[in-house]
>>> print(open('run.cif').read())   # mmCIF, N, CA and C atoms
data_query
loop_
_atom_site.label_atom_id
_atom_site.label_comp_id
_atom_site.auth_asym_id
_atom_site.auth_seq_id
_atom_site.Cartn_x
_atom_site.Cartn_y
_atom_site.Cartn_z
N MET P 291 -0.69 -26.58 -11.34
CA MET P 291 -1.70 -27.19 -12.11
C MET P 291 -2.68 -26.15 -12.68
N TYR P 292 -3.25 -25.32 -11.80
CA TYR P 292 -4.13 -24.24 -12.27
C TYR P 292 -3.33 -22.96 -12.38
N LYS P 293 -3.48 -22.34 -13.50
CA LYS P 293 -2.78 -21.09 -13.76
C LYS P 293 -3.71 -19.93 -13.41
N ASN P 294 -3.17 -18.96 -12.68
CA ASN P 294 -3.97 -17.78 -12.32
C ASN P 294 -3.76 -16.73 -13.41
N ASP P 295 -4.73 -16.58 -14.31
CA ASP P 295 -4.60 -15.66 -15.44
C ASP P 295 -5.47 -14.42 -15.19
N ASN P 296 -4.88 -13.40 -14.59
CA ASN P 296 -5.60 -12.16 -14.29
C ASN P 296 -5.47 -11.14 -15.42
N ARG P 297 -4.61 -11.43 -16.38
CA ARG P 297 -4.42 -10.47 -17.46
C ARG P 297 -5.69 -10.27 -18.27
N GLY P 298 -6.43 -11.27 -18.53
CA GLY P 298 -7.67 -11.16 -19.28
C GLY P 298 -8.72 -10.36 -18.53
N LYS P 299 -8.80 -10.58 -17.22
CA LYS P 299 -9.75 -9.83 -16.40
C LYS P 299 -9.35 -8.36 -16.32
N SER P 300 -8.06 -8.07 -16.23
CA SER P 300 -7.58 -6.68 -16.16
C SER P 300 -7.89 -5.95 -17.45
N PHE P 301 -7.72 -6.62 -18.57
CA PHE P 301 -8.00 -6.00 -19.87
C PHE P 301 -9.49 -5.64 -19.97
N ILE P 302 -10.35 -6.55 -19.54
CA ILE P 302 -11.79 -6.30 -19.58
C ILE P 302 -12.14 -5.14 -18.66
N ALA P 303 -11.55 -5.07 -17.49
CA ALA P 303 -11.82 -3.98 -16.55
C ALA P 303 -11.39 -2.64 -17.14
N ILE P 304 -10.25 -2.61 -17.77
CA ILE P 304 -9.77 -1.37 -18.41
C ILE P 304 -10.71 -0.95 -19.53
N MET P 305 -11.16 -1.89 -20.34
CA MET P 305 -12.08 -1.57 -21.43
C MET P 305 -13.42 -1.03 -20.90
N VAL P 306 -13.92 -1.59 -19.81
CA VAL P 306 -15.15 -1.11 -19.20
C VAL P 306 -14.97 0.31 -18.69
N ILE P 307 -13.85 0.59 -18.05
CA ILE P 307 -13.55 1.94 -17.55
C ILE P 307 -13.46 2.93 -18.71
N ILE P 308 -12.82 2.55 -19.80
CA ILE P 308 -12.71 3.43 -20.98
C ILE P 308 -14.09 3.70 -21.56
N ALA P 309 -14.93 2.69 -21.65
CA ALA P 309 -16.28 2.86 -22.21
C ALA P 309 -17.11 3.80 -21.32
N ILE P 310 -17.04 3.63 -20.03
CA ILE P 310 -17.79 4.49 -19.11
C ILE P 310 -17.29 5.92 -19.20
N THR P 311 -15.97 6.10 -19.25
CA THR P 311 -15.38 7.44 -19.37
C THR P 311 -15.80 8.11 -20.67
N ALA P 312 -15.80 7.37 -21.77
CA ALA P 312 -16.22 7.93 -23.06
C ALA P 312 -17.68 8.35 -23.01
N PHE P 313 -18.52 7.57 -22.37
CA PHE P 313 -19.94 7.89 -22.26
C PHE P 313 -20.14 9.16 -21.43
N VAL P 314 -19.45 9.27 -20.31
CA VAL P 314 -19.57 10.47 -19.46
C VAL P 314 -19.05 11.70 -20.20
N LEU P 315 -17.93 11.57 -20.90
CA LEU P 315 -17.39 12.70 -21.68
C LEU P 315 -18.37 13.13 -22.77
N ARG P 316 -19.02 12.21 -23.40
CA ARG P 316 -20.01 12.54 -24.43
C ARG P 316 -21.14 13.38 -23.85
N ILE P 317 -21.62 13.00 -22.69
CA ILE P 317 -22.70 13.74 -22.04
C ILE P 317 -22.23 15.14 -21.64
N VAL P 318 -21.03 15.24 -21.07
CA VAL P 318 -20.50 16.53 -20.64
C VAL P 318 -20.27 17.45 -21.83
N ILE P 319 -19.68 16.94 -22.90
CA ILE P 319 -19.42 17.75 -24.09
C ILE P 319 -20.73 18.23 -24.70
N ASP P 320 -21.74 17.38 -24.73
CA ASP P 320 -23.05 17.78 -25.26
C ASP P 320 -23.64 18.92 -24.43
N LYS P 321 -23.54 18.84 -23.12
CA LYS P 321 -24.05 19.91 -22.24
C LYS P 321 -23.28 21.21 -22.46
N VAL P 322 -21.96 21.14 -22.61
CA VAL P 322 -21.14 22.33 -22.83
C VAL P 322 -21.52 23.00 -24.15
N ILE P 323 -21.74 22.21 -25.19
CA ILE P 323 -22.14 22.76 -26.49
C ILE P 323 -23.50 23.43 -26.38
N LYS P 324 -24.45 22.82 -25.68
CA LYS P 324 -25.77 23.42 -25.52
C LYS P 324 -25.69 24.74 -24.77
N ILE P 325 -24.89 24.80 -23.72
CA ILE P 325 -24.72 26.04 -22.96
C ILE P 325 -24.08 27.11 -23.83
N SER P 326 -23.08 26.72 -24.61
CA SER P 326 -22.41 27.66 -25.51
C SER P 326 -23.37 28.21 -26.56
N ILE P 327 -24.23 27.36 -27.11
CA ILE P 327 -25.22 27.79 -28.10
C ILE P 327 -26.17 28.81 -27.50
N VAL P 328 -26.65 28.56 -26.29
CA VAL P 328 -27.57 29.48 -25.63
C VAL P 328 -26.90 30.84 -25.41
N GLN P 329 -25.64 30.81 -24.97
CA GLN P 329 -24.90 32.05 -24.75
C GLN P 329 -24.66 32.79 -26.06
N ASN P 330 -24.28 32.08 -27.11
CA ASN P 330 -24.05 32.70 -28.42
C ASN P 330 -25.33 33.34 -28.96
N GLU P 331 -26.46 32.63 -28.82
CA GLU P 331 -27.73 33.16 -29.31
C GLU P 331 -28.14 34.41 -28.54
N ALA P 332 -27.96 34.41 -27.22
CA ALA P 332 -28.29 35.58 -26.42
C ALA P 332 -27.41 36.76 -26.82
N ASN P 333 -26.13 36.50 -27.07
CA ASN P 333 -25.21 37.56 -27.48
C ASN P 333 -25.58 38.10 -28.86
N ALA P 334 -25.94 37.22 -29.78
CA ALA P 334 -26.32 37.65 -31.14
C ALA P 334 -27.57 38.52 -31.10
N SER P 335 -28.55 38.11 -30.33
CA SER P 335 -29.78 38.88 -30.20
C SER P 335 -29.50 40.26 -29.58
N ALA P 336 -28.70 40.27 -28.54
CA ALA P 336 -28.35 41.54 -27.88
C ALA P 336 -27.55 42.45 -28.80
N THR P 337 -26.64 41.88 -29.58
CA THR P 337 -25.83 42.68 -30.50
C THR P 337 -26.70 43.31 -31.58
N LEU P 338 -27.63 42.54 -32.13
CA LEU P 338 -28.53 43.10 -33.14
C LEU P 338 -29.43 44.18 -32.54
N LYS P 339 -29.89 44.00 -31.33
CA LYS P 339 -30.69 45.03 -30.66
C LYS P 339 -29.86 46.29 -30.46
N LEU P 340 -28.59 46.13 -30.12
CA LEU P 340 -27.69 47.26 -29.94
C LEU P 340 -27.49 48.02 -31.25
N ILE P 341 -27.24 47.27 -32.32
CA ILE P 341 -27.06 47.89 -33.64
C ILE P 341 -28.34 48.62 -34.05
N SER P 342 -29.49 47.98 -33.84
CA SER P 342 -30.77 48.58 -34.20
C SER P 342 -31.03 49.85 -33.39
N ALA P 343 -30.76 49.81 -32.10
CA ALA P 343 -30.97 50.99 -31.25
C ALA P 343 -30.08 52.14 -31.70
N ALA P 344 -28.84 51.82 -32.07
CA ALA P 344 -27.92 52.86 -32.55
C ALA P 344 -28.43 53.46 -33.87
N LEU P 345 -28.89 52.61 -34.77
CA LEU P 345 -29.43 53.10 -36.04
C LEU P 345 -30.67 53.95 -35.84
N GLU P 346 -31.56 53.51 -34.95
CA GLU P 346 -32.79 54.26 -34.68
C GLU P 346 -32.47 55.61 -34.01
N ASN P 347 -31.53 55.62 -33.07
CA ASN P 347 -31.15 56.87 -32.40
C ASN P 347 -30.51 57.85 -33.38
N TYR P 348 -29.68 57.32 -34.28
CA TYR P 348 -29.07 58.18 -35.29
C TYR P 348 -30.15 58.79 -36.17
N ALA P 349 -31.11 57.98 -36.59
CA ALA P 349 -32.20 58.47 -37.46
C ALA P 349 -33.05 59.51 -36.72
N LYS P 350 -33.27 59.29 -35.44
CA LYS P 350 -34.05 60.25 -34.65
C LYS P 350 -33.33 61.61 -34.58
N ASP P 351 -32.01 61.57 -34.42
CA ASP P 351 -31.23 62.81 -34.30
C ASP P 351 -30.99 63.49 -35.64
N ASN P 352 -30.86 62.71 -36.72
CA ASN P 352 -30.45 63.26 -38.02
C ASN P 352 -31.55 63.18 -39.09
N HIS P 353 -32.69 62.61 -38.77
CA HIS P 353 -33.84 62.50 -39.67
C HIS P 353 -33.59 61.61 -40.89
N VAL P 354 -32.49 60.88 -40.91
CA VAL P 354 -32.20 59.85 -41.92
C VAL P 354 -31.37 58.76 -41.25
N TYR P 355 -31.44 57.56 -41.81
CA TYR P 355 -30.58 56.49 -41.31
C TYR P 355 -29.19 56.65 -41.91
N PRO P 356 -28.15 56.18 -41.22
CA PRO P 356 -26.80 56.31 -41.78
C PRO P 356 -26.61 55.37 -42.97
N ALA P 357 -25.76 55.77 -43.89
CA ALA P 357 -25.48 54.94 -45.07
C ALA P 357 -24.51 53.82 -44.73
N ASN P 358 -23.77 53.95 -43.64
CA ASN P 358 -22.87 52.89 -43.18
C ASN P 358 -22.67 53.01 -41.67
N LEU P 359 -22.15 51.96 -41.07
CA LEU P 359 -21.98 51.96 -39.62
C LEU P 359 -20.82 52.83 -39.15
N ASP P 360 -19.94 53.23 -40.06
CA ASP P 360 -18.85 54.12 -39.69
C ASP P 360 -19.39 55.42 -39.10
N LEU P 361 -20.50 55.88 -39.61
CA LEU P 361 -21.10 57.11 -39.09
C LEU P 361 -21.53 56.95 -37.63
N LEU P 362 -21.87 55.74 -37.25
CA LEU P 362 -22.29 55.49 -35.87
C LEU P 362 -21.12 55.42 -34.90
N THR P 363 -19.98 54.97 -35.38
CA THR P 363 -18.81 54.84 -34.50
C THR P 363 -17.95 56.09 -34.48
N GLN P 364 -18.02 56.91 -35.53
CA GLN P 364 -17.15 58.08 -35.63
C GLN P 364 -17.81 59.38 -35.17
N SER P 365 -19.12 59.37 -34.95
CA SER P 365 -19.79 60.59 -34.51
C SER P 365 -19.50 60.83 -33.03
N ARG P 366 -19.70 62.06 -32.59
CA ARG P 366 -19.51 62.42 -31.19
C ARG P 366 -20.82 62.92 -30.62
N PRO P 367 -21.39 62.30 -29.65
CA PRO P 367 -20.97 61.03 -29.06
C PRO P 367 -21.26 59.86 -30.00
N ALA P 368 -20.49 58.79 -29.83
CA ALA P 368 -20.64 57.63 -30.70
C ALA P 368 -21.93 56.89 -30.37
N TYR P 369 -22.62 56.45 -31.40
CA TYR P 369 -23.84 55.66 -31.21
C TYR P 369 -23.50 54.19 -30.95
N LEU P 370 -22.37 53.75 -31.52
CA LEU P 370 -21.88 52.38 -31.32
C LEU P 370 -20.42 52.45 -30.88
N ASP P 371 -20.01 51.50 -30.03
CA ASP P 371 -18.61 51.47 -29.59
C ASP P 371 -17.67 50.87 -30.63
N LYS P 372 -18.21 50.02 -31.52
CA LYS P 372 -17.39 49.43 -32.59
C LYS P 372 -18.30 49.04 -33.75
N ASP P 373 -17.69 48.80 -34.89
CA ASP P 373 -18.43 48.38 -36.08
C ASP P 373 -18.49 46.86 -36.10
N TYR P 374 -19.61 46.31 -35.67
CA TYR P 374 -19.76 44.86 -35.57
C TYR P 374 -19.76 44.19 -36.95
N ILE P 375 -20.17 44.90 -37.97
CA ILE P 375 -20.21 44.33 -39.31
C ILE P 375 -18.80 44.18 -39.87
N LYS P 376 -17.96 45.19 -39.70
CA LYS P 376 -16.57 45.10 -40.18
C LYS P 376 -15.75 44.15 -39.32
N GLN P 377 -16.02 44.13 -38.03
CA GLN P 377 -15.26 43.28 -37.13
C GLN P 377 -15.54 41.81 -37.38
N SER P 378 -16.76 41.48 -37.73
CA SER P 378 -17.16 40.09 -37.93
C SER P 378 -16.33 39.38 -39.02
N PRO P 379 -16.18 39.94 -40.24
CA PRO P 379 -15.36 39.24 -41.24
C PRO P 379 -13.88 39.19 -40.88
N LEU P 380 -13.37 40.19 -40.17
CA LEU P 380 -11.96 40.21 -39.81
C LEU P 380 -11.62 39.09 -38.84
N LEU P 381 -12.48 38.88 -37.86
CA LEU P 381 -12.23 37.84 -36.86
C LEU P 381 -12.78 36.49 -37.30
N GLY P 382 -13.56 36.48 -38.36
CA GLY P 382 -14.23 35.26 -38.78
C GLY P 382 -15.63 35.19 -38.20
N TYR P 383 -15.78 35.63 -36.97
CA TYR P 383 -17.08 35.66 -36.32
C TYR P 383 -16.95 36.36 -34.97
N ILE P 384 -18.08 36.70 -34.39
CA ILE P 384 -18.12 37.25 -33.04
C ILE P 384 -18.98 36.31 -32.21
N LYS P 385 -18.35 35.59 -31.29
CA LYS P 385 -19.04 34.65 -30.41
C LYS P 385 -19.99 33.72 -31.17
N GLY P 386 -19.48 33.10 -32.21
CA GLY P 386 -20.25 32.09 -32.93
C GLY P 386 -21.18 32.59 -34.02
N TYR P 387 -21.23 33.90 -34.25
CA TYR P 387 -22.13 34.47 -35.25
C TYR P 387 -21.39 35.44 -36.17
N ASN P 388 -21.82 35.45 -37.42
CA ASN P 388 -21.39 36.47 -38.39
C ASN P 388 -22.51 37.49 -38.50
N TYR P 389 -22.13 38.75 -38.66
CA TYR P 389 -23.10 39.84 -38.76
C TYR P 389 -22.95 40.53 -40.11
N ASN P 390 -24.09 40.92 -40.68
CA ASN P 390 -24.05 41.72 -41.90
C ASN P 390 -25.34 42.51 -42.04
N CYS P 391 -25.25 43.58 -42.78
CA CYS P 391 -26.44 44.38 -43.09
C CYS P 391 -26.62 44.34 -44.59
N SER P 392 -27.62 43.59 -45.03
CA SER P 392 -27.86 43.46 -46.47
C SER P 392 -28.44 44.75 -47.03
N ARG P 393 -29.09 45.52 -46.18
CA ARG P 393 -29.62 46.82 -46.61
C ARG P 393 -29.30 47.83 -45.52
N LEU P 394 -28.57 48.87 -45.90
CA LEU P 394 -28.23 49.94 -44.98
C LEU P 394 -28.13 51.22 -45.80
N ASP P 395 -29.23 51.97 -45.82
CA ASP P 395 -29.24 53.23 -46.57
C ASP P 395 -30.02 54.27 -45.78
N THR P 396 -30.17 55.44 -46.35
CA THR P 396 -30.79 56.55 -45.62
C THR P 396 -32.27 56.35 -45.33
N SER P 397 -32.90 55.37 -45.99
CA SER P 397 -34.33 55.14 -45.75
C SER P 397 -34.60 53.97 -44.80
N GLY P 398 -33.59 53.18 -44.46
CA GLY P 398 -33.80 52.06 -43.56
C GLY P 398 -32.67 51.06 -43.56
N TYR P 399 -32.92 49.93 -42.92
CA TYR P 399 -31.87 48.91 -42.77
C TYR P 399 -32.48 47.53 -42.60
N SER P 400 -31.65 46.53 -42.82
CA SER P 400 -31.97 45.14 -42.58
C SER P 400 -30.65 44.43 -42.25
N CYS P 401 -30.50 43.97 -41.03
CA CYS P 401 -29.26 43.35 -40.59
C CYS P 401 -29.52 41.92 -40.09
N LEU P 402 -28.51 41.07 -40.25
CA LEU P 402 -28.62 39.65 -39.89
C LEU P 402 -27.50 39.22 -38.95
N ALA P 403 -27.80 38.23 -38.13
CA ALA P 403 -26.80 37.51 -37.35
C ALA P 403 -26.99 36.04 -37.70
N ILE P 404 -25.96 35.45 -38.32
CA ILE P 404 -26.05 34.08 -38.83
C ILE P 404 -25.01 33.22 -38.11
N PRO P 405 -25.41 32.07 -37.57
CA PRO P 405 -24.42 31.22 -36.89
C PRO P 405 -23.32 30.76 -37.84
N VAL P 406 -22.10 30.70 -37.33
CA VAL P 406 -20.97 30.23 -38.14
C VAL P 406 -21.21 28.78 -38.55
N SER P 407 -21.68 27.97 -37.61
CA SER P 407 -21.97 26.57 -37.88
C SER P 407 -23.32 26.23 -37.26
N CYS P 408 -24.31 26.06 -38.10
CA CYS P 408 -25.67 25.80 -37.63
C CYS P 408 -25.70 24.53 -36.78
N GLY P 409 -26.21 24.65 -35.58
CA GLY P 409 -26.29 23.51 -34.68
C GLY P 409 -25.11 23.39 -33.75
N LEU P 410 -24.00 24.03 -34.08
CA LEU P 410 -22.81 23.95 -33.24
C LEU P 410 -22.52 25.27 -32.54
N THR P 411 -22.64 26.40 -33.26
CA THR P 411 -22.42 27.70 -32.63
C THR P 411 -23.73 28.44 -32.40
N GLY P 412 -24.80 27.99 -33.00
CA GLY P 412 -26.11 28.60 -32.82
C GLY P 412 -27.15 27.83 -33.61
N LYS P 413 -28.39 27.92 -33.17
CA LYS P 413 -29.47 27.23 -33.86
C LYS P 413 -30.47 28.19 -34.49
N LYS P 414 -30.26 29.51 -34.27
CA LYS P 414 -31.19 30.50 -34.79
C LYS P 414 -30.47 31.55 -35.61
N VAL P 415 -31.17 32.03 -36.65
CA VAL P 415 -30.74 33.18 -37.43
C VAL P 415 -31.59 34.35 -36.96
N TYR P 416 -30.93 35.45 -36.63
CA TYR P 416 -31.64 36.64 -36.17
C TYR P 416 -31.58 37.71 -37.23
N SER P 417 -32.67 38.46 -37.38
CA SER P 417 -32.67 39.60 -38.28
C SER P 417 -33.38 40.75 -37.59
N VAL P 418 -32.95 41.96 -37.93
CA VAL P 418 -33.57 43.16 -37.41
C VAL P 418 -33.77 44.10 -38.58
N VAL P 419 -34.93 44.72 -38.63
CA VAL P 419 -35.25 45.61 -39.75
C VAL P 419 -35.64 46.98 -39.22
N THR P 420 -35.82 47.91 -40.14
CA THR P 420 -36.18 49.28 -39.82
C THR P 420 -37.33 49.30 -38.81
N GLY P 421 -37.16 50.09 -37.78
CA GLY P 421 -38.17 50.16 -36.73
C GLY P 421 -37.79 49.32 -35.52
N GLY P 422 -36.73 48.52 -35.64
CA GLY P 422 -36.25 47.72 -34.53
C GLY P 422 -36.92 46.39 -34.35
N LEU P 423 -37.62 45.89 -35.38
CA LEU P 423 -38.31 44.60 -35.29
C LEU P 423 -37.28 43.47 -35.38
N LEU P 424 -37.15 42.72 -34.30
CA LEU P 424 -36.21 41.59 -34.24
C LEU P 424 -36.97 40.30 -34.51
N ILE P 425 -36.46 39.53 -35.47
CA ILE P 425 -37.10 38.27 -35.87
C ILE P 425 -36.06 37.15 -35.74
N SER P 426 -36.48 36.01 -35.21
CA SER P 426 -35.59 34.85 -35.15
C SER P 426 -36.23 33.70 -35.90
N ASP P 427 -35.38 32.88 -36.52
CA ASP P 427 -35.84 31.73 -37.27
C ASP P 427 -34.80 30.63 -37.12
N GLU P 428 -35.24 29.40 -37.15
CA GLU P 428 -34.30 28.27 -37.07
C GLU P 428 -33.38 28.29 -38.27
N CYS P 429 -32.09 28.01 -38.03
CA CYS P 429 -31.16 27.98 -39.16
C CYS P 429 -31.31 26.66 -39.90
N ASN P 430 -30.87 26.67 -41.15
CA ASN P 430 -30.93 25.50 -42.00
C ASN P 430 -29.61 24.78 -41.91
N LYS P 431 -29.61 23.53 -41.43
CA LYS P 431 -28.36 22.79 -41.21
C LYS P 431 -27.63 22.47 -42.50
N LYS P 432 -28.26 22.68 -43.64
CA LYS P 432 -27.61 22.41 -44.93
C LYS P 432 -26.68 23.55 -45.32
N GLU P 433 -26.75 24.70 -44.63
CA GLU P 433 -25.92 25.86 -44.98
C GLU P 433 -24.49 25.61 -44.63
#
>>> encode(input="run.cif", output="C-alpha coordinates")
Amino acid sequence: MYKNDNRGKSFIAIMVIIAITAFVLRIVIDKVIKISIVQNEANASATLKLISAALENYAKDNHVYPANLDLLTQSRPAYLDKDYIKQSPLLGYIKGYNYNCSRLDTSGYSCLAIPVSCGLTGKKVYSVVTGGLLISDECNKKE
(Lines of atoms letter the chains of each structure in order from A and count residues from 1; the text may use other names and numbers.)
(Lines give C-alpha, C1' and ligand atoms only; values in the text may rest on other atoms or scores of the structure.)
Protein backbone atom coordinates (compact mmCIF):
# COMPACT_ATOMS: atom_id res chain seq x y z
CA MET A 1 0.00 0.00 0.00
CA TYR A 2 2.71 2.51 0.99
CA LYS A 3 5.68 2.70 -1.26
CA ASN A 4 9.08 3.35 0.31
CA ASP A 5 10.64 5.92 -2.07
CA ASN A 6 14.19 6.61 -0.87
CA ARG A 7 15.46 7.65 -4.28
CA GLY A 8 14.26 11.22 -3.85
CA LYS A 9 15.87 11.52 -0.43
CA SER A 10 19.16 10.07 -1.74
CA PHE A 11 19.23 12.57 -4.59
CA ILE A 12 18.71 15.47 -2.17
CA ALA A 13 21.46 14.15 0.12
CA ILE A 14 23.90 13.89 -2.79
CA MET A 15 23.06 17.43 -3.93
CA VAL A 16 23.64 18.78 -0.40
CA ILE A 17 27.02 16.99 -0.22
CA ILE A 18 28.02 18.42 -3.63
CA ALA A 19 27.01 21.95 -2.56
CA ILE A 20 28.98 21.71 0.69
CA THR A 21 32.03 20.30 -1.15
CA ALA A 22 31.88 23.11 -3.73
CA PHE A 23 31.69 25.71 -0.95
CA VAL A 24 34.69 24.23 0.90
CA LEU A 25 36.70 24.01 -2.35
CA ARG A 26 35.93 27.65 -3.09
CA ILE A 27 37.30 28.70 0.30
CA VAL A 28 40.42 26.53 -0.06
CA ILE A 29 41.17 27.75 -3.60
CA ASP A 30 40.75 31.37 -2.49
CA LYS A 31 43.25 30.83 0.36
CA VAL A 32 45.75 29.13 -1.99
CA ILE A 33 45.54 32.03 -4.45
CA LYS A 34 46.08 34.57 -1.64
CA ILE A 35 49.13 32.67 -0.38
CA SER A 36 50.50 32.43 -3.91
CA ILE A 37 50.03 36.19 -4.45
CA VAL A 38 51.90 36.99 -1.23
CA GLN A 39 54.77 34.69 -2.26
CA ASN A 40 54.90 36.13 -5.80
CA GLU A 41 54.95 39.70 -4.48
CA ALA A 42 57.74 38.91 -2.00
CA ASN A 43 59.74 37.27 -4.79
CA ALA A 44 59.20 40.22 -7.16
CA SER A 45 60.30 42.72 -4.53
CA ALA A 46 63.38 40.64 -3.67
CA THR A 47 64.28 40.20 -7.35
CA LEU A 48 64.10 43.94 -8.01
CA LYS A 49 66.22 44.61 -4.92
CA LEU A 50 68.75 42.09 -6.23
CA ILE A 51 68.84 43.72 -9.67
CA SER A 52 69.17 47.16 -8.07
CA ALA A 53 71.98 46.05 -5.76
CA ALA A 54 73.85 44.54 -8.73
CA LEU A 55 73.43 47.75 -10.74
CA GLU A 56 74.55 49.91 -7.82
CA ASN A 57 77.59 47.69 -7.11
CA TYR A 58 78.58 47.78 -10.77
CA ALA A 59 78.31 51.59 -10.78
CA LYS A 60 80.37 51.81 -7.59
CA ASP A 61 83.14 49.68 -9.13
CA ASN A 62 83.07 51.17 -12.65
CA HIS A 63 81.83 54.76 -12.01
CA VAL A 64 78.98 54.27 -14.55
CA TYR A 65 75.88 52.12 -14.68
CA PRO A 66 75.90 49.25 -17.20
CA ALA A 67 74.14 49.79 -20.53
CA ASN A 68 72.60 46.31 -20.29
CA LEU A 69 72.29 43.47 -17.80
CA ASP A 70 74.64 41.26 -19.84
CA LEU A 71 77.52 43.21 -18.32
CA LEU A 72 76.32 42.16 -14.87
CA THR A 73 76.15 38.45 -15.68
CA GLN A 74 79.28 38.20 -17.83
CA SER A 75 81.74 40.10 -15.63
CA ARG A 76 84.08 38.30 -13.23
CA PRO A 77 82.93 38.11 -10.53
CA ALA A 78 79.35 38.25 -11.78
CA TYR A 79 77.11 40.87 -10.19
CA LEU A 80 74.00 38.84 -11.12
CA ASP A 81 73.60 35.07 -11.48
CA LYS A 82 71.21 35.44 -14.46
CA ASP A 83 69.57 38.07 -16.62
CA TYR A 84 66.08 38.37 -15.14
CA ILE A 85 64.95 40.73 -17.90
CA LYS A 86 65.83 38.35 -20.75
CA GLN A 87 64.61 35.31 -18.84
CA SER A 88 61.20 36.84 -18.14
CA PRO A 89 59.98 37.09 -21.80
CA LEU A 90 61.40 33.65 -22.65
CA LEU A 91 59.50 31.89 -19.88
CA GLY A 92 56.52 34.21 -20.08
CA TYR A 93 57.10 35.24 -16.48
CA ILE A 94 59.09 34.50 -13.35
CA LYS A 95 56.87 33.41 -10.45
CA GLY A 96 53.87 35.43 -11.60
CA TYR A 97 55.72 38.61 -12.63
CA ASN A 98 57.26 40.04 -15.79
CA TYR A 99 60.40 42.14 -15.41
CA ASN A 100 61.71 44.93 -17.60
CA CYS A 101 63.97 47.93 -17.44
CA SER A 102 62.44 50.84 -19.32
CA ARG A 103 65.60 52.85 -18.72
CA LEU A 104 69.03 51.27 -18.45
CA ASP A 105 71.95 53.46 -19.46
CA THR A 106 75.26 54.68 -18.10
CA SER A 107 73.60 57.45 -16.05
CA GLY A 108 70.94 55.35 -14.30
CA TYR A 109 68.10 52.87 -14.48
CA SER A 110 64.40 52.29 -13.94
CA CYS A 111 63.14 48.70 -13.71
CA LEU A 112 59.65 47.25 -13.18
CA ALA A 113 58.06 44.04 -11.95
CA ILE A 114 54.51 43.74 -13.29
CA PRO A 115 52.11 40.91 -12.38
CA VAL A 116 51.18 38.64 -15.28
CA SER A 117 47.54 38.78 -14.19
CA CYS A 118 46.56 41.55 -11.81
CA GLY A 119 44.72 40.09 -8.84
CA LEU A 120 45.62 36.50 -9.69
CA THR A 121 49.44 36.40 -9.74
CA GLY A 122 50.03 39.66 -7.87
CA LYS A 123 48.28 42.79 -6.68
CA LYS A 124 51.23 45.19 -6.75
CA VAL A 125 53.50 46.67 -9.40
CA TYR A 126 57.04 47.22 -8.15
CA SER A 127 59.55 49.67 -9.55
CA VAL A 128 63.13 50.45 -8.63
CA VAL A 129 65.06 53.48 -9.80
CA THR A 130 68.60 54.82 -9.64
CA GLY A 131 69.81 54.85 -6.07
CA GLY A 132 67.88 51.70 -5.15
CA LEU A 133 64.55 53.36 -4.33
CA LEU A 134 61.89 50.62 -4.41
CA ILE A 135 58.30 51.76 -4.94
CA SER A 136 55.15 49.63 -4.91
CA ASP A 137 51.73 50.55 -6.24
CA GLU A 138 48.47 48.67 -6.64
CA CYS A 139 48.08 47.22 -10.12
CA ASN A 140 45.21 48.25 -12.36
CA LYS A 141 42.85 45.31 -12.94
CA LYS A 142 41.95 46.70 -16.37
CA GLU A 143 45.47 45.85 -17.67
>>> closest_residue(input="run.cif", among="P:Lys321, P:Arg393, P:Lys350, P:Lys413", to="Tyr369 of chain P", atoms="only C-alpha atoms")
P:Lys350
>>> atom_distance(input="run.cif", atom1="atom CA of Gly421 of chain P", atom2="atom CA of Ser342 of chain P")
8.0 Å
>>> select_by_dssp(input="run.cif", residues="segment 301-427 of chain P", states="alpha helix (DSSP H)", output="VMD selection string")
chain P and resid 301 to 352 360 to 364 374 to 381
>>> axis_aligned_box(input="run.cif", around="segment 303-307 of chain P", padding_each_side="4 Å", output="JSON")
{"center_x": -12.5, "center_y": -1.1, "center_z": -19.0, "size_x": 13.4, "size_y": 16.0, "size_z": 12.9}
>>> atom_distance(input="run.cif", atom1="atom CA of Ile327 of chain P", atom2="atom N of Gly412 of chain P")
4.9 Å
